Each structure stands twice: as structure tokens, then as C-alpha cells.
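Colleague: Take a look at this one; I'll ask things after.
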Amino acid sequence: MSARSALPVIAVFAAVTVLAGCSSTKSDGKKGGGLELVSSGTLKTCTHLPYAPFQVKKDGKVVGFDVDLVDLVAKDLGVKQEIVNTPFEGIETGQDFTIRKCDLAAAGMTITSARDKVMDFSDPYFNATQALLTKKGKPFKKVEDLKGKKLGYQKATTGGIYAKKHGKGVELVEFEDLGLLLTAVKSGQVDAGINDNGVLFDYVKQNPDTEVTAEFNTGEHYGIGVRTGNDALRKKINAVIKKAKSDGSYDRIYKKWFGTTPQS
């Protein structure tokens with residue numbers, strides 16, 4: 001979900017007959033300015049769990065960096081955020097917007113040209129890159145070092161794309177979600193795993209028997225996705241992000257989840 005990974009996306013053109021009976025409802029928020037939501041009074045956010053520290057379920061509630069950031073958007077609209085946990089493929093192909101499953105997608109998702117064809121993105125809100133996770137003490141510093149070894153990646157992610165591009169002679173193993181990938185590295189099912197640096201550094205804090213041995217300068221940026229043409233919501237998100245960065249809210253949320261303030 002992640003910068004989340006980006007499988008080259010094939011646009012979904014299938015007609016969804018159920019849409020004929022669905023209609024958006026205007027936000028109850030006084031500041032909504034005619035902005036329409038899937039369900040009145042609720043800002044529905046599609047994501048794919050787990051993806052700590054961006055979104056993860058703790059004590060029965062979904063929390064995380066992305067959750068807190070989107071809460072600012074919901075507050076500005078005068079509505080409540082509702083998290084919709086869904087497979088990442090449905091998010092990155094734009095299908096979840098087509099069937100009106102959610103208003104936006106906040107899933108540690110890298111902005112890519114392929115994804116930009118099936119959804120519209122907010123301004124970038126987080127800088128990320130790919131990184132390599134191994135058991136402590138392993139010598140792997142780049143994907144090429146894993147020739148003849150097993151490298152795990154998360155399905156439909158930019159990490160998967162990077163692994164396929166650079167992993168000649170490497171046995172690639174695909175996992176449905178981040179949790180399964182991390183468990184595979186920790187248990188030795190694979191020799192290493194590739195994913196976004198933010199989630200991997202978060203993982204090693206709680207799992208000192210693992211370490212991030214390398215970062216790859218892929219220059220990725222996360223964006224919040226909305227249905228193509230939904231400029232009212234996209235502009236609202238951009239305005240909230242801009243305000244959060246100017247009034248200190250963004251730095252406060254960042255430090256809450258990463259223990260430091262973002263590098264300028």
C-alpha cells in the first residue's frame with residue numbers, strides 16, 4: 001500500500017451497473033463549498049492494512065500518520081473520517097473510485113505516471129524511497145547482492161518494480177501485504193525484503209533482530225488519491241496540507257509517528 005509500491009496499472013474500463021443506483025451526497029460541513037462525498041457526513045478513506053506507521057490497527061482502531069493527516073481534512077469539512085480497508089490493487093487501479101467505495105485513498109501511495117492515469121493526486125505530502133530489510137548481520141547492500149537468494153516484495157508496489165528491474169538471478173517472492181513480507185524476513189522464509197524506507201525503519205524499532213541494510217534513491221513522493229475529475233476534494237486536500245505545513249500541525253503529526261521532524 002506505499003511511497004507505496006506501484007505495479008504498472010491497467011485502467012479499469014468495465015461498466016459497473018450498480019453505479020446507476022448510487023449518488024454522492026454533499027458534505028454536511030459548512031466549509032464544503034459544494035464538495036460531494038460518497039456518504040453524507042462521512043469522509044471515506046480507502047487504505048490497505050497493515051502499513052505502519054502510516055495506517056495500522058491498534059486496540060481495535062485504525063491509527064497512523066496518514067489517518068491523522070486525513071483527519072485534518074475531515075475536520076475542515078465538518079465530517080468524520082471512516083477507514084475502508086481494501087486490497088491495494090483496487091486502490092491503485094482506480095477501481096475503488098469507479099465503484100464509489102471511498103472518497104479518497106491514503107495508503108502510503110507513491111505518485112506514479114501509471115496511477116495518475118486512473119486517479120488524481122493531491123500535492124505530495126511525504127518523501128520516500130525504497131529500502132532493503134534483512135536479518136541482523138546479513139551482508140546484502142543492494143538487490144544484486146541477493147543473486148541466488150530469495151527477495152520478498154509486496155504485491156502491486158514500487159518495491160516490486162524495483163526488485164524486478166534489478167533482481168536478475170534473484171528469486172523473487174511476492175506477498176499480499178506488508179505484514180506477511182515482514183514476517184517472512186524475520187522468520188528466514190526470504191533472505192531480504194524490499195519496501196518503502198518509512199515502514200521498514202518503523203519495523204526495526206520493534207524488531208532489533210532485523211535491520212535496514214540499504215536505501216535506494218528512487219525519489220518517491222506520496223500523494224492522496226481521489227477520483228479522476230474530483231477537483232473540489234483534491235483542492236480541499238491540498239489546502240489542508242498546505243495549512244498543516246505552515247501552522248506546525250504537519251510537523252507535530254510527523255514527530256508523533258516518526259520521532260523526529262521532517263528534513264527540509
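Residues in the C-alpha cells are numbered from 1 in each chain, the chains being A, B, ... in the order shown, and ligands are numbered from 1 in the order shown.
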Quick one: pick out all strand (DSSP E) residues within range 2-206 of chain A from a backbone DSSP run and write them as a PyMOL selection string.
Modeller: chain A and resi 25-26+36-37+42-47+56-58+61-63+80-85+104-105+120-121+126-135+150-154+171-175+192-196
Colleague: Within 8 Å of Ala163 in chain A, counting only C-alpha atoms, which residues show up once you throw out same-chain ones fewer than 2 positions away? Write them as a PyMOL selection string, please.
Modeller: chain A and resi 143+151+153+159-161+165-167+172+194
Colleague: Fewer than 3 positions away in the same chain doesn't count, so skip those; otherwise give me all residues within 9 Å of Pro208 in chain A, counting only C-alpha atoms, as a ChimeraX atom specification.
Modeller: /A:135-136,203-205,211
Colleague: Output all heavy atoms for every residue in the selection just made, as a short mmCIF file (atom, residue, chain, number, x, y, z; two decimals), in the first residue's frame.
Modeller:
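Result file is out-v1.cif:
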data_model
loop_
_atom_site.label_atom_id
_atom_site.label_comp_id
_atom_site.auth_asym_id
_atom_site.auth_seq_id
_atom_site.Cartn_x
_atom_site.Cartn_y
_atom_site.Cartn_z
N LYS A 135 17.69 -9.87 8.12
CA LYS A 135 18.02 -10.25 9.48
C LYS A 135 19.33 -9.56 9.85
O LYS A 135 20.16 -9.27 9.00
CB LYS A 135 18.17 -11.77 9.59
CG LYS A 135 16.88 -12.54 9.38
CD LYS A 135 16.03 -12.62 10.62
CE LYS A 135 16.61 -13.61 11.61
NZ LYS A 135 15.72 -13.75 12.81
N LYS A 136 19.51 -9.30 11.13
CA LYS A 136 20.71 -8.60 11.60
C LYS A 136 21.98 -9.32 11.15
O LYS A 136 22.09 -10.54 11.23
CB LYS A 136 20.67 -8.54 13.13
CG LYS A 136 21.62 -7.52 13.74
CD LYS A 136 20.93 -6.19 13.85
CE LYS A 136 21.76 -5.22 14.68
NZ LYS A 136 21.09 -3.91 14.83
N TYR A 203 9.62 -0.74 11.51
CA TYR A 203 9.60 -2.15 11.91
C TYR A 203 10.83 -2.52 12.74
O TYR A 203 10.71 -3.21 13.76
CB TYR A 203 9.52 -3.04 10.66
CG TYR A 203 9.44 -4.51 10.97
CD1 TYR A 203 8.28 -5.08 11.47
CD2 TYR A 203 10.54 -5.35 10.74
CE1 TYR A 203 8.20 -6.44 11.75
CE2 TYR A 203 10.47 -6.71 11.00
CZ TYR A 203 9.30 -7.25 11.51
OH TYR A 203 9.22 -8.60 11.78
N VAL A 204 12.01 -2.07 12.33
CA VAL A 204 13.22 -2.47 13.04
C VAL A 204 13.28 -1.88 14.46
O VAL A 204 13.98 -2.42 15.32
CB VAL A 204 14.50 -2.10 12.25
CG1 VAL A 204 14.51 -2.80 10.90
CG2 VAL A 204 14.65 -0.60 12.08
N LYS A 205 12.55 -0.81 14.70
CA LYS A 205 12.50 -0.25 16.06
C LYS A 205 11.96 -1.28 17.04
O LYS A 205 12.40 -1.36 18.19
CB LYS A 205 11.61 0.99 16.09
CG LYS A 205 12.17 2.21 15.40
CD LYS A 205 11.15 3.35 15.47
CE LYS A 205 11.61 4.56 14.68
NZ LYS A 205 10.57 5.64 14.70
N GLU A 211 17.38 -5.42 10.40
CA GLU A 211 17.97 -4.12 10.13
C GLU A 211 17.75 -3.71 8.68
O GLU A 211 17.52 -4.55 7.81
CB GLU A 211 19.47 -4.12 10.44
CG GLU A 211 20.30 -5.06 9.58
CD GLU A 211 21.78 -4.99 9.92
OE1 GLU A 211 22.27 -3.89 10.23
OE2 GLU A 211 22.45 -6.04 9.85
#
Colleague: Write out as an mmCIF file with C-alpha atoms, in the first residue's frame each polymer residue whose atoms come within 8 Å of Gln55 in chain A, counting only C-alpha atoms; drop sequence neighbours fewer than 4 positions from it.
Modeller:
data_model
loop_
_atom_site.group_PDB
_atom_site.id
_atom_site.type_symbol
_atom_site.label_atom_id
_atom_site.label_comp_id
_atom_site.auth_asym_id
_atom_site.auth_seq_id
_atom_site.Cartn_x
_atom_site.Cartn_y
_atom_site.Cartn_z
ATOM 1 C CA THR A 47 -6.342 2.067 2.575
ATOM 2 C CA LEU A 49 -3.706 -2.640 6.243
ATOM 3 C CA PRO A 50 -1.228 -3.029 7.741
ATOM 4 C CA TYR A 51 1.218 -0.308 6.734
ATOM 5 C CA VAL A 62 -7.009 2.206 12.761
ATOM 6 C CA VAL A 63 -4.356 4.815 13.551
ATOM 7 C CA GLY A 64 -1.286 6.243 11.856
ATOM 8 C CA PHE A 65 0.352 9.159 10.108
ATOM 9 C CA ASP A 66 -1.995 9.089 7.107
ATOM 10 C CA VAL A 67 -5.010 8.733 9.397
ATOM 11 C CA ALA A 107 -2.294 4.390 1.717
#
Colleague: Report the distance between CA of Glu171 in chain A and CA of Phe88 in chain A in Å, rounded to one decimal place.
Modeller: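 Going from CA of Glu171 in chain A over to CA of Phe88 in chain A covers 23.2 Å.
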Colleague: When distances are computed from only C-alpha atoms, which of A:Val79, A:Val212, A:Leu104, A:Leu37 shows the smallest separation from Thr228 in chain A?
Modeller: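 Once distances to Thr228 in chain A are computed over only C-alpha atoms, the minimum belongs to A:Leu104.
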Colleague: Set the distance at 8 Å and use only C-alpha atoms: which residues neighbour range 184-191 of chain A once local chain neighbours fewer than 6 positions away are removed? I'd like the list as an NGL selection string.
Modeller: :A and (133-135 or 146 or 149-152 or 173 or 209-210)
Colleague: Using only C-alpha atoms, pick whichever of A:Tyr250, A:Tyr162, A:Phe175, A:Tyr222 has the shortest atom-to-atom distance to Gln130 in chain A.
Modeller: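 Using only C-alpha atoms, Gln130 in chain A sits closest to A:Tyr162.
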